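Visitor: Can you keep this structure in mind? I'll have questions shortly.
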Amino acid sequence: MASIHRFSHIYLLLIVLLALLPIPTFAALPYKGADISSVLMLENQGRTFSDTSGTVKPFEQILAEAGANSIRQRVWVDPEDGNYNLDYNVELARRVSEAGMGVYLDLHYSDTWADPAHQTTPAAWSSYNIGDLKWAVYNYTLDVCNRFASENIPVSIISIGNEIRAGLLWPLGSADSYYNIADILHSASAGVKDSALSPQPQIMIHLDNAWNWDQQSYWYDTVLAQGPLIASDFDMMGVSYYPFYNEGATMQALEDTMTRMGEAYGKPILVVETDWPVACPNPTYQFPEDIKDIPFSVEGQRAFVKEVAAVVERVEYGQGLYYWEPGFLGNAGLGSSCEDNLMVSDDTGRAYESLLVFGGI
């Protein structure tokens, strides 16, 4: 009988000790935020944003209060209407910095959208040979960085190109010449490193198809084998994860690919573009099997972001997540094959509850 009492006391002691142990939790992502490049353009059109309670505020403030700590901005060289040019981005970055968030510049090296299907050389550089083009990239990158330095706006990340799996600055920087791609990227990196920005931003290379290890490894292995681009020319790897276009884009494939990228190249990895629809009545493509249970709704949007964040947190080198254009009013379907991917009402600009997800990742 005494042995039973002794066992009971030991059992109770173990329960007490276990209760005192800290509950394991995921650490918050070092980088969490959104691309809100369109904000100034929308404000110039008279559009406004409000938080979940309906109070009108600048969109960057709404995101900061929701828990975001970094904002991504696309930078175009010489767009016809001035939207997304250097002056535009300096103005937006100043507001982002004043809101207490980090600035992440996404250099497209184009006068318009750059992505896997479009990498148009800026008009002013279109007649250049590869030697002149490299110098143009170096000088432009240097000028962008020095402008931010002169404005006393710190920059935490600079992406040298946007979704450049098929190259950049076509045709000279297309996938027909991986040597040229490597040469151009080395020049871009040098432009950042030679600038007056202090501390120096983290230099990122950004590809699409975050779930496809074969594509990621082929690109990095091939470009690094050329010679001009060396591992120390970049600090981070960015990936886009849009699960709308391929059944293979599963969460498991995302985790496996990011894990293998970290093991192979030893650099921090960030999901720098992703989104999830609140409405998708007629999906164009089949969604991956392991996310079919996530609803097309505000709550589904929150659940999706949390699941992607959990993947990033589990990956040893995973460091961040950015939602693409959660407030691009008038363009709710841009960025997927669905009807509405915004985290705000397309009609009123009022934030959905899903935007508060940044405080929990």
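As shown in the structure tokens, the chain order sets the letters A, B, ...; within each chain, residues go from 1, and ligands are also counted from 1 in the order they appear.
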Which residues are close to Pro243 of chain A, i.e. within 12 Å by only C-alpha atoms, leaving aside same-chain residues fewer than 5 positions away? Reply as JSON, numbers by chain.
Guide: {"A": [208, 209, 210, 211, 212, 248, 249, 250, 251, 252, 253, 254, 273, 274, 275, 276, 277, 283, 284, 285, 286, 287, 288, 289, 290, 291, 292, 294, 304, 308, 335, 336, 337, 338]}
Visitor: Could you turn the residues from that selection into a file that holds C-alpha atoms, as a short mmCIF file (atom, residue, chain, number, x, y, z; two decimals), in the first residue's frame?
Guide:
```
data_model
loop_
_atom_site.label_atom_id
_atom_site.label_comp_id
_atom_site.auth_asym_id
_atom_site.auth_seq_id
_atom_site.Cartn_x
_atom_site.Cartn_y
_atom_site.Cartn_z
CA ASP A 208 8.65 31.44 -59.22
CA ASN A 209 7.29 27.91 -58.60
CA ALA A 210 8.37 27.53 -54.98
CA TRP A 211 7.08 23.95 -54.99
CA ASN A 212 9.30 22.69 -57.82
CA GLY A 248 1.74 19.63 -57.98
CA ALA A 249 1.96 22.85 -55.95
CA THR A 250 1.16 21.12 -52.68
CA MET A 251 2.12 22.38 -49.24
CA GLN A 252 4.27 19.26 -48.87
CA ALA A 253 6.10 20.02 -52.12
CA LEU A 254 6.64 23.60 -50.92
CA GLU A 273 4.54 36.20 -53.14
CA THR A 274 1.43 34.23 -52.24
CA ASP A 275 -2.31 34.77 -51.85
CA TRP A 276 -5.61 32.96 -51.35
CA PRO A 277 -9.09 33.78 -52.68
CA PRO A 283 -11.64 27.70 -60.64
CA THR A 284 -9.70 27.55 -63.88
CA TYR A 285 -7.32 24.86 -62.64
CA GLN A 286 -7.37 21.96 -60.21
CA PHE A 287 -6.10 22.91 -56.76
CA PRO A 288 -3.48 20.69 -55.05
CA GLU A 289 -4.89 17.81 -53.04
CA ASP A 290 -3.60 18.91 -49.63
CA ILE A 291 -5.24 22.34 -49.72
CA LYS A 292 -8.63 21.42 -51.20
CA ILE A 294 -9.34 25.22 -47.27
CA PHE A 304 -4.06 29.38 -45.81
CA VAL A 308 2.13 28.61 -45.42
CA GLY A 335 -2.41 37.21 -59.03
CA SER A 336 -4.50 34.05 -59.35
CA SER A 337 -7.06 32.27 -61.48
CA CYS A 338 -9.81 33.24 -59.03
#
```
Visitor: Report as JSON, numbers by chain all protein, DNA and RNA residues lying within 10 Å of Trp113 of chain A, evaluated on only C-alpha atoms, omitting residues in the same chain fewer than 5 positions from it.
Guide: {"A": [74, 75, 76, 79, 108, 118, 119, 120, 162]}
Visitor: Could you write out that same residue set with N, CA and C atoms as a JSON list (two decimals), in the first residue's frame?
Guide:
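What landed in again-v6.json:
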```
[["chain", "number", "residue", "atom", "x", "y", "z"],
["A", 74, "ARG", "N", 7.44, 47.08, -55.63],
["A", 74, "ARG", "CA", 8.01, 46.85, -56.95],
["A", 74, "ARG", "C", 8.52, 48.17, -57.51],
["A", 75, "VAL", "N", 9.68, 48.11, -58.15],
["A", 75, "VAL", "CA", 10.33, 49.30, -58.70],
["A", 75, "VAL", "C", 10.54, 49.10, -60.19],
["A", 76, "TRP", "N", 9.93, 50.00, -60.99],
["A", 76, "TRP", "CA", 10.11, 49.97, -62.44],
["A", 76, "TRP", "C", 11.05, 51.09, -62.86],
["A", 79, "PRO", "N", 8.42, 53.88, -66.13],
["A", 79, "PRO", "CA", 7.05, 53.63, -66.58],
["A", 79, "PRO", "C", 6.42, 54.88, -67.17],
["A", 108, "HIS", "N", 12.48, 45.36, -60.81],
["A", 108, "HIS", "CA", 12.03, 44.58, -61.97],
["A", 108, "HIS", "C", 12.97, 44.72, -63.16],
["A", 118, "HIS", "N", 7.29, 37.68, -68.99],
["A", 118, "HIS", "CA", 7.59, 39.03, -69.45],
["A", 118, "HIS", "C", 8.84, 39.54, -68.73],
["A", 119, "GLN", "N", 9.88, 39.82, -69.49],
["A", 119, "GLN", "CA", 11.10, 40.41, -68.93],
["A", 119, "GLN", "C", 11.63, 41.41, -69.96],
["A", 120, "THR", "N", 10.84, 42.45, -70.19],
["A", 120, "THR", "CA", 11.14, 43.40, -71.26],
["A", 120, "THR", "C", 12.21, 44.39, -70.82],
["A", 162, "ASN", "N", 12.73, 40.10, -60.67],
["A", 162, "ASN", "CA", 11.46, 39.56, -60.19],
["A", 162, "ASN", "C", 11.09, 38.31, -60.97]]
```
Visitor: From the list A:Glu316, A:Asp233, A:Asp340, A:Glu163, which residue is nearest Pro116 of chain A when using only C-alpha atoms?
Guide: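 Closest to Pro116 of chain A, using only C-alpha atoms: A:Glu163.
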Visitor: Measuring atom to atom with only C-alpha atoms, identify which of A:Leu142, A:Ala149, A:Ala175, A:Ile164 is nearest to Pro199 of chain A.
Guide: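 Looking at the shortest contact to Pro199 of chain A, the residue is A:Ala149.
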Visitor: Using only C-alpha atoms for the distances, tell me which of A:Ser156, A:Gln45, A:Thr52, A:Gln215 is nearest to Val103 of chain A.
Guide: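 Closest residue, counting only C-alpha atoms: A:Ser156.
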Visitor: Just how far from atom CA of Glu247 of chain A is atom CA of Asn341 of chain A, in Å to one decimal?
Guide: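 Going from atom CA of Asn341 of chain A over to atom CA of Glu247 of chain A covers 18.9 Å.
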Visitor: Determine which residues of segment 106-257 of chain A DSSP labels as helix (DSSP H, G or I) from the backbone of this structure, then write them out as a PyMOL selection string.
Guide: chain A and resi 123-125+130-150+178-193+213-225+231-233+251-257
